[in-house]
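S.K.: For reference, the structure I am asking about is given below.
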Amino acid sequence: AVDLAEKIHVDNIQDILDNKPFRDILIFVQGGGQIKEIVNRIHKLNAEVFAKGLEFAKQHSEEQQKKYKRGGANKPKQDAYYMCPVNVTSENMQKGETEYQNTFSPIESVHVPIYEFDINGVPTEKIIKTVPASRRVIVATNAIETGLTIDTLKYCIDTGFVNESQFNPNFGVMALLNKSVTQASARQRRGRVGRKDPGVFYTCYTKQTYDALTPLPFPDIIKADVTTAVLDAILN
């Protein structure tokens, strides 16, 4: 998904050069581990662009798509390549933290830190510099499938997975399962873009896979532990 996001970014760098308001990318993943990995990958790319300069950014663009050559006076500059990863979960939505606020702030006011990376490619807490962001990459779980409209979105990537809590009757415990999304959920994710301007929806799965997905989610009575509810009904 992060490779696809990078390709979308460089393929559509004209969004930034033309200062279009609709430019941001949304990636749906299943949980916090995947969010952290994608956020770190984007920070690493920003650090490489910062350290190696515009020539690296151009070379990276050419590797992502061989046809990337634009003429005219409106030449891309290094700042155009910095992406701001935004982590949106149900927790920071409720708390209204900085990550959540960056989702709706004007892009001109959003800055992204350039972190120092260790020899293993792991980001440290040391910030080398803070630079202006050119595009947001919002990485989220199914928490924002409904009820949240982000006006600046133009591209959406669906990985096709979700973490779901489900009761395991064999062990008598609730378990967090990594599952494929339903067709209904995939349609909800697709509906996040194209609300105020034409959008593009990308999937990390094929149409054959989509056709094989469960059409609708199972009702909670099948997934949840109903022992307490049944006992209350019997006793009362």
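Starting from 1 in every chain, residues are counted up; chains themselves are A, B, ... following the order of the structure tokens, and ligands are numbered from 1 as listed.
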Can you pull out the residues contacting stretch 23-27 of chain A? Cut-off 9 Å, using only C-alpha atoms, and skip same-chain residues under 3 positions away; I want them as number ranges by chain.
M.R.: A: 1-2, 5, 8-9, 12, 15-16, 19-20, 134-141, 152-159, 192-193
S.K.: Quick one: pick out all strand (DSSP E or B) residues within stretch 107-182 of chain A from a backbone DSSP run and write them as a PyMOL selection string.
M.R.: chain A and resi 111-117+123-132+135-140+153-158+161-168+173-180
S.K.: Can you check which residues of stretch 77-174 of chain A DSSP gives as alpha helix (DSSP H) on the backbone and send them as an NGL selection string?
M.R.: :A and (90-95 or 98-104)
S.K.: Contacts of A:Ile114 at 7 Å or less, counting only C-alpha atoms, minus same-chain residues fewer than 6 places along, as a list in words?
M.R.: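 Near A:Ile114, the qualifying residues are His43, Asn46, Ala47, Ile127, Ile128, Lys129 and Thr130 of chain A.
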S.K.: Using only C-alpha atoms for the distances, tell me which of A:Leu231, A:Ala143, A:Val29, A:Val226 is nearest to A:Pro169.
M.R.: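 Distance minimum relative to A:Pro169 lands on A:Val226.
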S.K.: Which is closer to A:Ser90 than all the others in A:Pro215, A:Pro132, A:Gly147, A:Gly191, using only C-alpha atoms?
M.R.: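 Result for the nearest residue to A:Ser90: A:Gly147.
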S.K.: Could you tell me which of A:Gln34, A:Ile150, A:Glu125, A:Leu235 comes closest to A:Gln101 if we count only C-alpha atoms?
M.R.: A:Ile150
